[in-house]
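Peer 1: Structure file model.tsv, TSV, C-alpha atoms and all ligand atoms, is pasted below:
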```
chain	number	residue	atom	x	y	z
A	1	MET	CA	-21.23	220.31	93.43
A	2	VAL	CA	-18.91	220.38	90.48
A	3	VAL	CA	-15.67	218.45	90.20
A	4	SER	CA	-13.33	219.53	87.42
A	5	GLY	CA	-9.71	218.83	86.72
A	6	PHE	CA	-7.28	218.35	83.90
A	7	SER	CA	-8.13	215.40	81.70
A	8	GLY	CA	-5.97	212.64	83.25
A	9	ALA	CA	-6.11	214.06	86.79
A	10	GLY	CA	-7.83	210.90	88.03
A	11	LYS	CA	-11.33	212.33	88.57
A	12	GLY	CA	-12.97	209.19	87.19
A	13	THR	CA	-11.29	206.92	89.75
A	14	LEU	CA	-12.04	209.36	92.57
A	15	MET	CA	-15.73	209.47	91.65
A	16	LYS	CA	-15.89	205.69	91.46
A	17	LEU	CA	-14.32	205.30	94.93
A	18	LEU	CA	-16.59	207.98	96.41
A	19	LEU	CA	-19.76	206.43	95.03
A	20	GLU	CA	-18.73	202.93	96.13
A	21	LYS	CA	-18.12	204.03	99.71
A	22	TYR	CA	-20.87	206.59	100.36
A	23	GLY	CA	-24.53	206.27	99.47
A	24	ASN	CA	-25.60	209.91	99.43
A	25	TYR	CA	-23.90	210.82	96.16
A	26	SER	CA	-25.20	210.68	92.65
A	27	LEU	CA	-23.01	211.30	89.64
A	28	SER	CA	-24.67	213.10	86.77
A	29	ILE	CA	-24.39	211.33	83.40
A	30	SER	CA	-23.47	213.72	80.62
A	31	ALA	CA	-24.25	213.61	76.94
A	32	THR	CA	-21.30	213.80	74.55
A	33	THR	CA	-20.55	213.69	70.84
A	34	ARG	CA	-17.20	211.93	71.37
A	35	ASN	CA	-16.79	208.24	70.52
A	36	PRO	CA	-16.96	205.73	73.39
A	37	ARG	CA	-13.57	204.54	74.69
A	38	GLN	CA	-13.05	200.85	75.11
A	39	GLY	CA	-15.36	199.52	77.83
A	40	GLU	CA	-17.58	202.60	77.97
A	41	ARG	CA	-21.30	201.93	77.78
A	42	ASP	CA	-24.09	204.18	76.54
A	43	GLY	CA	-26.14	205.48	79.46
A	44	ILE	CA	-23.52	204.51	82.06
A	45	GLU	CA	-20.38	206.63	81.51
A	46	TYR	CA	-22.08	208.95	79.02
A	47	PHE	CA	-25.06	209.22	76.73
A	48	PHE	CA	-23.27	209.01	73.39
A	49	LYS	CA	-24.94	211.29	70.85
A	50	THR	CA	-24.45	212.23	67.22
A	51	PRO	CA	-23.81	215.94	66.59
A	52	GLU	CA	-27.39	216.19	65.23
A	53	GLU	CA	-28.88	214.61	68.36
A	54	PHE	CA	-26.78	216.90	70.52
A	55	ARG	CA	-27.89	219.98	68.57
A	56	LYS	CA	-31.51	218.91	69.01
A	57	MET	CA	-31.02	218.69	72.79
A	58	ILE	CA	-29.58	222.23	72.77
A	59	GLN	CA	-32.61	223.47	70.86
A	60	GLU	CA	-34.94	221.76	73.30
A	61	ASP	CA	-33.15	223.48	76.20
A	62	ALA	CA	-32.40	220.05	77.68
A	63	PHE	CA	-29.03	221.05	79.21
A	64	ILE	CA	-28.09	222.83	82.44
A	65	GLU	CA	-24.89	223.71	80.59
A	66	TYR	CA	-22.90	222.45	77.63
A	67	ALA	CA	-19.47	223.20	76.24
A	68	ARG	CA	-17.09	222.31	73.44
A	69	TYR	CA	-13.98	220.53	74.72
A	70	VAL	CA	-11.09	219.69	72.37
A	71	ASP	CA	-13.11	218.46	69.33
A	72	ASN	CA	-16.36	217.41	70.93
A	73	TYR	CA	-19.42	218.66	72.74
A	74	TYR	CA	-20.34	217.72	76.30
A	75	GLY	CA	-23.49	218.69	78.19
A	76	THR	CA	-25.29	218.07	81.50
A	77	PRO	CA	-28.91	216.95	80.96
A	78	LYS	CA	-31.33	218.80	83.26
A	79	ASP	CA	-33.67	215.86	83.69
A	80	TYR	CA	-31.42	213.51	85.56
A	81	VAL	CA	-29.95	216.16	87.87
A	82	ASP	CA	-33.40	217.48	88.84
A	83	ARG	CA	-34.65	214.00	89.64
A	84	GLN	CA	-31.62	213.20	91.82
A	85	LEU	CA	-31.84	216.51	93.68
A	86	GLU	CA	-35.54	215.84	94.34
A	87	ALA	CA	-34.56	212.42	95.73
A	88	GLY	CA	-32.30	214.27	98.22
A	89	LYS	CA	-29.01	213.18	96.68
A	90	ASP	CA	-25.77	215.17	96.62
A	91	VAL	CA	-25.36	215.51	92.89
A	92	ILE	CA	-21.86	215.70	91.45
A	93	LEU	CA	-21.20	217.10	88.01
A	94	GLU	CA	-17.85	215.96	86.69
A	95	ILE	CA	-17.43	218.60	84.01
A	96	GLU	CA	-14.80	220.87	82.51
A	97	MET	CA	-14.15	224.45	83.39
A	98	GLN	CA	-16.35	226.46	81.02
A	99	GLY	CA	-19.34	224.36	82.11
A	100	ALA	CA	-18.35	224.62	85.78
A	101	LEU	CA	-18.29	228.40	85.64
A	102	LYS	CA	-21.68	228.47	83.90
A	103	VAL	CA	-23.18	226.29	86.63
A	104	LYS	CA	-21.72	228.52	89.37
A	105	GLU	CA	-23.18	231.56	87.64
A	106	LYS	CA	-26.64	229.98	87.47
A	107	MET	CA	-26.44	228.40	90.93
A	108	PRO	CA	-24.02	230.35	93.15
A	109	GLU	CA	-24.40	227.84	96.00
A	110	THR	CA	-22.50	225.26	93.89
A	111	LEU	CA	-19.22	224.07	95.39
A	112	LEU	CA	-16.44	224.09	92.77
A	113	ILE	CA	-13.63	221.60	93.32
A	114	PHE	CA	-10.61	221.25	91.05
A	115	VAL	CA	-8.61	217.99	91.00
A	116	THR	CA	-5.00	218.06	89.80
A	117	PRO	CA	-1.93	215.82	89.85
A	118	PRO	CA	0.98	217.30	91.82
A	119	THR	CA	3.03	218.18	88.70
A	120	ALA	CA	2.62	218.77	84.95
A	121	GLU	CA	5.03	215.89	84.23
A	122	GLU	CA	2.84	213.53	86.26
A	123	LEU	CA	-0.18	214.69	84.22
A	124	ARG	CA	1.59	213.84	80.96
A	125	ARG	CA	2.64	210.46	82.37
A	126	ARG	CA	-0.96	209.61	83.29
A	127	LEU	CA	-2.34	210.67	79.91
A	128	THR	CA	0.28	208.61	78.07
A	129	SER	CA	0.01	205.51	80.23
A	130	ARG	CA	-3.75	205.36	79.73
A	131	GLY	CA	-2.84	203.97	76.31
A	132	THR	CA	-6.24	204.82	74.84
A	133	GLU	CA	-5.31	208.18	73.30
A	134	SER	CA	-3.18	209.00	70.26
A	135	GLU	CA	-0.14	211.27	70.57
A	136	GLU	CA	-2.11	214.13	69.02
A	137	ILE	CA	-4.87	213.76	71.58
A	138	VAL	CA	-2.37	213.72	74.46
A	139	ALA	CA	-0.76	216.89	73.06
A	140	ALA	CA	-4.19	218.53	72.65
A	141	ARG	CA	-5.12	217.63	76.22
A	142	MET	CA	-1.83	219.01	77.59
A	143	ALA	CA	-2.47	222.25	75.67
A	144	GLN	CA	-6.01	222.32	77.07
A	145	ALA	CA	-4.60	221.83	80.60
A	146	LYS	CA	-2.30	224.81	80.10
A	147	GLU	CA	-5.27	226.93	79.05
A	148	GLU	CA	-7.41	225.69	81.96
A	149	SER	CA	-4.68	226.38	84.53
A	150	ARG	CA	-5.37	230.08	83.96
A	151	PHE	CA	-8.78	229.72	85.56
A	152	MET	CA	-7.96	227.40	88.46
A	153	ASP	CA	-8.30	230.26	90.90
A	154	CYS	CA	-12.05	230.49	90.16
A	155	TYR	CA	-12.49	227.23	92.11
A	156	ASP	CA	-13.42	227.01	95.78
A	157	TYR	CA	-10.96	224.14	96.46
A	158	ILE	CA	-7.90	222.66	94.77
A	159	LEU	CA	-7.56	218.97	95.50
A	160	ILE	CA	-4.14	217.39	94.77
A	161	ASN	CA	-4.40	213.78	93.68
A	162	GLU	CA	-1.02	212.10	94.38
A	163	ARG	CA	0.00	208.94	92.58
A	164	ASP	CA	-1.28	205.77	94.38
A	165	ARG	CA	-3.06	207.85	97.04
A	166	GLU	CA	-6.54	207.91	95.46
A	167	LYS	CA	-8.32	206.61	98.55
A	168	GLU	CA	-6.89	209.36	100.73
A	169	CYS	CA	-7.84	211.91	98.13
A	170	MET	CA	-11.40	210.53	97.95
A	171	GLU	CA	-11.78	210.80	101.76
A	172	LYS	CA	-10.52	214.36	101.60
A	173	LEU	CA	-13.10	215.15	98.93
A	174	HIS	CA	-15.85	213.63	101.07
A	175	ARG	CA	-14.76	215.68	104.08
A	176	LEU	CA	-14.72	218.85	101.98
A	177	ILE	CA	-18.28	218.27	100.86
A	178	GLU	CA	-19.43	217.38	104.39
A	179	SER	CA	-17.89	220.49	105.87
A	180	ALA	CA	-19.41	222.66	103.13
A	181	HIS	CA	-22.80	221.18	104.10
A	182	GLN	CA	-22.18	221.97	107.74
A	183	GLU	CA	-21.18	225.53	106.87
A	184	THR	CA	-24.43	225.98	104.94
A	185	ALA	CA	-26.46	224.40	107.72
A	186	ARG	CA	-24.73	226.56	110.33
A	187	ASN	CA	-25.35	229.66	108.23
A	188	LEU	CA	-29.01	228.76	107.84
A	189	ASP	CA	-29.37	228.11	111.59
A	190	PHE	CA	-27.68	231.41	112.30
A	191	ILE	CA	-29.85	233.32	109.83
A	192	ASN	CA	-33.06	231.82	111.23
A	193	ASP	CA	-31.90	232.52	114.75
A	194	ILE	CA	-30.98	236.13	114.20
A	195	LYS	CA	-34.22	236.73	112.26
A	196	LYS	CA	-36.15	235.42	115.23
A	197	GLN	CA	-34.15	237.61	117.64
A	198	LEU	CA	-34.77	240.68	115.50
A	199	ASN	CA	-38.48	239.86	115.40
A	200	ASP	CA	-38.66	239.46	119.15
A	201	ILE	CA	-36.79	242.67	120.02
B	301	LIG	P1	-13.48	212.79	78.56
B	301	LIG	O1	-13.58	212.86	77.06
B	301	LIG	O2	-12.06	212.59	79.03
B	301	LIG	O3	-14.45	211.81	79.16
B	301	LIG	O4	-13.94	214.22	79.11
B	301	LIG	C1	-13.33	215.39	78.66
B	301	LIG	C2	-13.72	216.55	79.54
B	301	LIG	O5	-15.11	216.84	79.42
B	301	LIG	C3	-13.49	216.29	81.02
B	301	LIG	O6	-12.84	217.42	81.57
B	301	LIG	C4	-14.88	216.10	81.56
B	301	LIG	O7	-14.95	216.49	82.92
B	301	LIG	C5	-15.65	217.05	80.69
B	301	LIG	N1	-17.10	216.80	80.69
B	301	LIG	C6	-17.74	215.62	80.81
B	301	LIG	N2	-19.07	215.79	80.79
B	301	LIG	C7	-19.30	217.14	80.68
B	301	LIG	C8	-20.48	217.96	80.63
B	301	LIG	O8	-21.61	217.51	80.70
B	301	LIG	N3	-20.29	219.30	80.49
B	301	LIG	C9	-19.07	219.86	80.40
B	301	LIG	N4	-19.01	221.19	80.31
B	301	LIG	N5	-17.93	219.12	80.46
B	301	LIG	C10	-18.04	217.77	80.59
```
As structure tokens, what does this structure read like?
Peer 2:
Amino acid sequence: MVVSGFSGAGKGTLMKLLLEKYGNYSLSISATTRNPRQGERDGIEYFFKTPEEFRKMIQEDAFIEYARYVDNYYGTPKDYVDRQLEAGKDVILEIEMQGALKVKEKMPETLLIFVTPPTAEELRRRLTSRGTESEEIVAARMAQAKEESRFMDCYDYILINERDREKECMEKLHRLIESAHQETARNLDFINDIKKQLNDI
């Protein structure tokens, strides 16, 4: 499944809570050309790459998808995702919209979830209070959010992340994923059942 949302929507915290509580999830680690923020470690939050290294990965067809976001490139390495899927994990890609739509196109069974704060003002507040971004970057990210809001209706679910209610939001996300699984399982059971009936008639 893919989780997107405006930068500052609180996806990072949600993912952390989800992974801490439930064992069946695996969060894909992306490659990026942006500089690490304070506390970010190579190979944990991201694989930090130079533009040349990133270009080489594109040439080697090492990405499921990649996209330019604000001034940097971000991409999902195939390797890691394939290995986690083989291990039976529910793999989550926390990626922006262009990438999300590419993944859905390639793999239509992907569940697309969009996380947003309740208001635009709350989004600006969160971006500013992070304290790690310059004013220009905050402005660029607000402009990006405006652009992205045009495509929110391509998502299967919109998940509103209220201030100080992250745990509730995480449980809601978990339930969404669980019920999507059940839907698929029910559909598969139904399909197998009706095939059998048609065979037996
Ligand atoms: P940040 O710089 O705040 O960590 O991430 C900026 C945006 O890039 C976020 O919306 C994040 O979800 C997105 N992103 C992170 N990794 C990937 C990726 O592999 N592919 C794409 N398309 N977007 C990504």
Peer 1: Can you list every residue of chain A that has an atom at most 10 Å from ligand LIG 301 (chain B), with its nearest atom pair and the distance in Å to one decimal, using all atoms listed in the file, ordered by chain then number, as CSV?
Peer 2:
```
residue,atom,partner,partner_atom,distance
A:Val2,CA,B:LIG301,O7,9.4
A:Val3,CA,B:LIG301,O7,7.6
A:Ser4,CA,B:LIG301,O7,5.7
A:Gly5,CA,B:LIG301,O6,6.2
A:Phe6,CA,B:LIG301,O6,6.1
A:Ser7,CA,B:LIG301,O6,5.1
A:Gly8,CA,B:LIG301,O2,7.4
A:Ala9,CA,B:LIG301,O6,9.2
A:Lys11,CA,B:LIG301,O7,7.9
A:Gly12,CA,B:LIG301,O3,8.6
A:Ser28,CA,B:LIG301,O8,8.1
A:Ile29,CA,B:LIG301,O8,7.3
A:Ser30,CA,B:LIG301,O8,4.2
A:Ala31,CA,B:LIG301,O8,6.0
A:Thr32,CA,B:LIG301,N2,6.9
A:Thr33,CA,B:LIG301,O1,9.4
A:Arg34,CA,B:LIG301,O1,6.8
A:Asn35,CA,B:LIG301,O1,8.6
A:Pro36,CA,B:LIG301,O1,8.7
A:Arg37,CA,B:LIG301,O3,8.6
A:Glu40,CA,B:LIG301,O3,9.8
A:Glu45,CA,B:LIG301,O3,8.2
A:Tyr46,CA,B:LIG301,N2,7.7
A:Phe47,CA,B:LIG301,N2,9.8
A:Phe63,CA,B:LIG301,O8,8.4
A:Ile64,CA,B:LIG301,O8,8.6
A:Glu65,CA,B:LIG301,N3,6.4
A:Tyr66,CA,B:LIG301,N4,4.9
A:Ala67,CA,B:LIG301,N4,4.6
A:Arg68,CA,B:LIG301,N4,7.2
A:Tyr69,CA,B:LIG301,O5,6.1
A:Val70,CA,B:LIG301,C1,7.9
A:Asp71,CA,B:LIG301,O1,9.6
A:Asn72,CA,B:LIG301,O1,8.1
A:Tyr73,CA,B:LIG301,C9,7.8
A:Tyr74,CA,B:LIG301,C8,4.3
A:Gly75,CA,B:LIG301,O8,3.4
A:Thr76,CA,B:LIG301,O8,3.8
A:Pro77,CA,B:LIG301,O8,7.3
A:Leu93,CA,B:LIG301,O8,7.3
A:Glu94,CA,B:LIG301,O7,4.8
A:Ile95,CA,B:LIG301,O7,3.4
A:Glu96,CA,B:LIG301,O6,4.1
A:Met97,CA,B:LIG301,N4,6.6
A:Gln98,CA,B:LIG301,N4,5.9
A:Gly99,CA,B:LIG301,N4,3.7
A:Ala100,CA,B:LIG301,N4,6.5
A:Leu101,CA,B:LIG301,N4,9.0
A:Lys102,CA,B:LIG301,N4,8.5
A:Val103,CA,B:LIG301,N4,9.1
A:Leu127,CA,B:LIG301,O2,9.9
A:Glu133,CA,B:LIG301,O2,9.9
A:Arg141,CA,B:LIG301,C1,8.9
A:Gln144,CA,B:LIG301,O6,9.5
A:Ala145,CA,B:LIG301,O6,9.4
A:Glu148,CA,B:LIG301,O6,9.9
```
Peer 1: Provide the atom CA of A:Phe151 to atom CA of A:Leu112 distance in Å, to one decimal place.
Peer 2: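 For atom CA of A:Phe151 relative to atom CA of A:Leu112, the distance reads 11.9 Å.
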Peer 1: Would you work out the distance separating atom CA of A:Gln59 from atom CA of A:Leu111, expressed in Å to one decimal?
Peer 2: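 About the pair atom CA of A:Gln59 and atom CA of A:Leu111: they are 28.0 Å apart.
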Peer 1: In Å, how far is it from atom CA of A:Met107 to atom CA of A:Asp193?
Peer 2: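 Interatomic distance here is 24.8 Å.
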Peer 1: Excluding A:Arg83 and its own-chain neighbours fewer than 5 positions away, which residues fall within 12 Å of it when counting all atoms listed in the file? Please give them as a PDB file with C-alpha atoms, keeping the file's coordinate frame.
Peer 2:
```pdb
ATOM      1  CA  SER A  26     -25.200 210.680  92.650  1.00  0.00           C
ATOM      2  CA  LEU A  27     -23.010 211.300  89.640  1.00  0.00           C
ATOM      3  CA  SER A  28     -24.670 213.100  86.770  1.00  0.00           C
ATOM      4  CA  PRO A  77     -28.910 216.950  80.960  1.00  0.00           C
ATOM      5  CA  LYS A  78     -31.330 218.800  83.260  1.00  0.00           C
ATOM      6  CA  GLY A  88     -32.300 214.270  98.220  1.00  0.00           C
ATOM      7  CA  LYS A  89     -29.010 213.180  96.680  1.00  0.00           C
ATOM      8  CA  ASP A  90     -25.770 215.170  96.620  1.00  0.00           C
ATOM      9  CA  VAL A  91     -25.360 215.510  92.890  1.00  0.00           C
TER      10      VAL A  91
END
```
Peer 1: Neighbouring residues of A:Arg124 were defined as those with any atom within 9 Å, considering all atoms listed in the file; residues of the same chain fewer than 6 positions away were excluded. Please report them as a compact mmCIF listing (two decimals) with C-alpha atoms, in the coordinates of the input.
Peer 2:
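Once everything was written out, this is out.txt:
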```txt
# COMPACT_ATOMS: atom_id res chain seq x y z
CA GLY A 8 -5.97 212.64 83.25
CA VAL A 138 -2.37 213.72 74.46
CA ALA A 139 -0.76 216.89 73.06
CA MET A 142 -1.83 219.01 77.59
```
Peer 1: Excluding A:Leu18 and residues on its chain fewer than 2 positions from it, collect all residues at most 9 Å away from it, counting all atoms listed in the file, and give them as a list in words.
Peer 2: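 What passes the distance filter is Thr13, Leu14, Met15, Lys16, Glu20, Lys21, Tyr22, Gly23, Tyr25, Lys167, Met170, Glu171, Leu173 and His174 of chain A.
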Peer 1: Just the residues within 8 Å of A:Ile160, please, counting only C-alpha atoms, with nothing from its chain fewer than 3 positions along; format it as a list of chain:residue names.
Peer 2: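 Close residues of A:Ile160: A:Val115, A:Thr116, A:Pro117, A:Pro118, A:Cys169.
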Peer 1: For a quick check of understanding, using all atoms listed in the file, which of A:Glu53, A:Thr132, A:Asn24, A:Phe114 has the smallest distance to A:Gly39?
Peer 2: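 Of A:Glu53, A:Thr132, A:Asn24, A:Phe114, the one nearest A:Gly39, counting all atoms listed in the file, is A:Thr132.
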Peer 1: Atoms are missing here; could stretch 88-121 of chain A be completed with N, CA and C atoms and written as a PDB file, in the frame of the given file?
Peer 2:
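Okay, selection.pdb is ready:
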```
ATOM      1  N   GLY A  88     -33.136 213.913  97.062  1.00  0.00           N
ATOM      2  CA  GLY A  88     -32.300 214.270  98.220  1.00  0.00           C
ATOM      3  C   GLY A  88     -30.849 213.882  98.093  1.00  0.00           C
ATOM      4  N   LYS A  89     -30.408 213.591  96.871  1.00  0.00           N
ATOM      5  CA  LYS A  89     -29.010 213.180  96.680  1.00  0.00           C
ATOM      6  C   LYS A  89     -28.095 214.394  96.579  1.00  0.00           C
ATOM      7  N   ASP A  90     -26.816 214.189  96.906  1.00  0.00           N
ATOM      8  CA  ASP A  90     -25.770 215.170  96.620  1.00  0.00           C
ATOM      9  C   ASP A  90     -25.313 214.899  95.205  1.00  0.00           C
ATOM     10  N   VAL A  91     -25.670 215.782  94.300  1.00  0.00           N
ATOM     11  CA  VAL A  91     -25.360 215.510  92.890  1.00  0.00           C
ATOM     12  C   VAL A  91     -23.996 216.097  92.530  1.00  0.00           C
ATOM     13  N   ILE A  92     -23.184 215.255  91.887  1.00  0.00           N
ATOM     14  CA  ILE A  92     -21.860 215.700  91.450  1.00  0.00           C
ATOM     15  C   ILE A  92     -21.842 215.807  89.933  1.00  0.00           C
ATOM     16  N   LEU A  93     -21.431 216.956  89.444  1.00  0.00           N
ATOM     17  CA  LEU A  93     -21.200 217.100  88.010  1.00  0.00           C
ATOM     18  C   LEU A  93     -19.706 217.018  87.798  1.00  0.00           C
ATOM     19  N   GLU A  94     -19.276 216.043  86.986  1.00  0.00           N
ATOM     20  CA  GLU A  94     -17.850 215.960  86.690  1.00  0.00           C
ATOM     21  C   GLU A  94     -17.659 216.576  85.314  1.00  0.00           C
ATOM     22  N   ILE A  95     -17.429 217.878  85.293  1.00  0.00           N
ATOM     23  CA  ILE A  95     -17.430 218.600  84.010  1.00  0.00           C
ATOM     24  C   ILE A  95     -16.237 219.533  83.905  1.00  0.00           C
ATOM     25  N   GLU A  96     -15.976 219.993  82.674  1.00  0.00           N
ATOM     26  CA  GLU A  96     -14.800 220.870  82.510  1.00  0.00           C
ATOM     27  C   GLU A  96     -15.155 222.297  82.919  1.00  0.00           C
ATOM     28  N   MET A  97     -14.112 223.123  82.797  1.00  0.00           N
ATOM     29  CA  MET A  97     -14.150 224.450  83.390  1.00  0.00           C
ATOM     30  C   MET A  97     -15.208 225.429  82.873  1.00  0.00           C
ATOM     31  N   GLN A  98     -15.369 225.503  81.555  1.00  0.00           N
ATOM     32  CA  GLN A  98     -16.350 226.460  81.020  1.00  0.00           C
ATOM     33  C   GLN A  98     -17.731 226.132  81.575  1.00  0.00           C
ATOM     34  N   GLY A  99     -18.050 224.813  81.588  1.00  0.00           N
ATOM     35  CA  GLY A  99     -19.340 224.360  82.110  1.00  0.00           C
ATOM     36  C   GLY A  99     -19.459 224.656  83.598  1.00  0.00           C
ATOM     37  N   ALA A 100     -18.350 224.405  84.330  1.00  0.00           N
ATOM     38  CA  ALA A 100     -18.350 224.620  85.780  1.00  0.00           C
ATOM     39  C   ALA A 100     -18.692 226.067  86.102  1.00  0.00           C
ATOM     40  N   LEU A 101     -18.071 226.979  85.359  1.00  0.00           N
ATOM     41  CA  LEU A 101     -18.290 228.400  85.640  1.00  0.00           C
ATOM     42  C   LEU A 101     -19.722 228.802  85.300  1.00  0.00           C
ATOM     43  N   LYS A 102     -20.279 228.182  84.245  1.00  0.00           N
ATOM     44  CA  LYS A 102     -21.680 228.470  83.900  1.00  0.00           C
ATOM     45  C   LYS A 102     -22.611 228.016  85.013  1.00  0.00           C
ATOM     46  N   VAL A 103     -22.331 226.817  85.564  1.00  0.00           N
ATOM     47  CA  VAL A 103     -23.180 226.290  86.630  1.00  0.00           C
ATOM     48  C   VAL A 103     -23.109 227.207  87.862  1.00  0.00           C
ATOM     49  N   LYS A 104     -21.900 227.644  88.190  1.00  0.00           N
ATOM     50  CA  LYS A 104     -21.720 228.520  89.370  1.00  0.00           C
ATOM     51  C   LYS A 104     -22.483 229.838  89.180  1.00  0.00           C
ATOM     52  N   GLU A 105     -22.486 230.317  87.936  1.00  0.00           N
ATOM     53  CA  GLU A 105     -23.180 231.560  87.640  1.00  0.00           C
ATOM     54  C   GLU A 105     -24.690 231.394  87.849  1.00  0.00           C
ATOM     55  N   LYS A 106     -25.194 230.246  87.346  1.00  0.00           N
ATOM     56  CA  LYS A 106     -26.640 229.980  87.470  1.00  0.00           C
ATOM     57  C   LYS A 106     -27.016 229.649  88.897  1.00  0.00           C
ATOM     58  N   MET A 107     -26.142 228.857  89.571  1.00  0.00           N
ATOM     59  CA  MET A 107     -26.440 228.400  90.930  1.00  0.00           C
ATOM     60  C   MET A 107     -25.240 228.709  91.819  1.00  0.00           C
ATOM     61  N   PRO A 108     -25.207 229.910  92.403  1.00  0.00           N
ATOM     62  CA  PRO A 108     -24.020 230.350  93.150  1.00  0.00           C
ATOM     63  C   PRO A 108     -23.692 229.474  94.365  1.00  0.00           C
ATOM     64  N   GLU A 109     -24.655 228.691  94.837  1.00  0.00           N
ATOM     65  CA  GLU A 109     -24.400 227.840  96.000  1.00  0.00           C
ATOM     66  C   GLU A 109     -23.559 226.604  95.623  1.00  0.00           C
ATOM     67  N   THR A 110     -23.279 226.421  94.342  1.00  0.00           N
ATOM     68  CA  THR A 110     -22.500 225.260  93.890  1.00  0.00           C
ATOM     69  C   THR A 110     -21.071 225.323  94.439  1.00  0.00           C
ATOM     70  N   LEU A 111     -20.593 224.161  94.889  1.00  0.00           N
ATOM     71  CA  LEU A 111     -19.220 224.070  95.390  1.00  0.00           C
ATOM     72  C   LEU A 111     -18.341 223.637  94.217  1.00  0.00           C
ATOM     73  N   LEU A 112     -17.318 224.428  93.902  1.00  0.00           N
ATOM     74  CA  LEU A 112     -16.440 224.090  92.770  1.00  0.00           C
ATOM     75  C   LEU A 112     -15.122 223.517  93.267  1.00  0.00           C
ATOM     76  N   ILE A 113     -14.850 222.288  92.862  1.00  0.00           N
ATOM     77  CA  ILE A 113     -13.630 221.600  93.320  1.00  0.00           C
ATOM     78  C   ILE A 113     -12.776 221.234  92.101  1.00  0.00           C
ATOM     79  N   PHE A 114     -11.504 221.528  92.176  1.00  0.00           N
ATOM     80  CA  PHE A 114     -10.610 221.250  91.050  1.00  0.00           C
ATOM     81  C   PHE A 114      -9.575 220.201  91.454  1.00  0.00           C
ATOM     82  N   VAL A 115      -9.540 219.087  90.691  1.00  0.00           N
ATOM     83  CA  VAL A 115      -8.610 217.990  91.000  1.00  0.00           C
ATOM     84  C   VAL A 115      -7.401 218.074  90.069  1.00  0.00           C
ATOM     85  N   THR A 116      -6.214 217.980  90.629  1.00  0.00           N
ATOM     86  CA  THR A 116      -5.000 218.060  89.800  1.00  0.00           C
ATOM     87  C   THR A 116      -3.916 217.099  90.294  1.00  0.00           C
ATOM     88  N   PRO A 117      -3.110 216.560  89.389  1.00  0.00           N
ATOM     89  CA  PRO A 117      -1.930 215.820  89.850  1.00  0.00           C
ATOM     90  C   PRO A 117      -0.940 216.827  90.436  1.00  0.00           C
ATOM     91  N   PRO A 118       0.066 216.342  91.181  1.00  0.00           N
ATOM     92  CA  PRO A 118       0.980 217.300  91.820  1.00  0.00           C
ATOM     93  C   PRO A 118       1.849 218.077  90.830  1.00  0.00           C
ATOM     94  N   THR A 119       2.147 217.489  89.660  1.00  0.00           N
ATOM     95  CA  THR A 119       3.030 218.180  88.700  1.00  0.00           C
ATOM     96  C   THR A 119       2.514 217.990  87.261  1.00  0.00           C
ATOM     97  N   ALA A 120       2.989 218.856  86.366  1.00  0.00           N
ATOM     98  CA  ALA A 120       2.620 218.770  84.950  1.00  0.00           C
ATOM     99  C   ALA A 120       3.196 217.489  84.334  1.00  0.00           C
ATOM    100  N   GLU A 121       4.395 217.108  84.765  1.00  0.00           N
ATOM    101  CA  GLU A 121       5.030 215.890  84.230  1.00  0.00           C
ATOM    102  C   GLU A 121       4.192 214.663  84.587  1.00  0.00           C
TER     103      GLU A 121
END
```
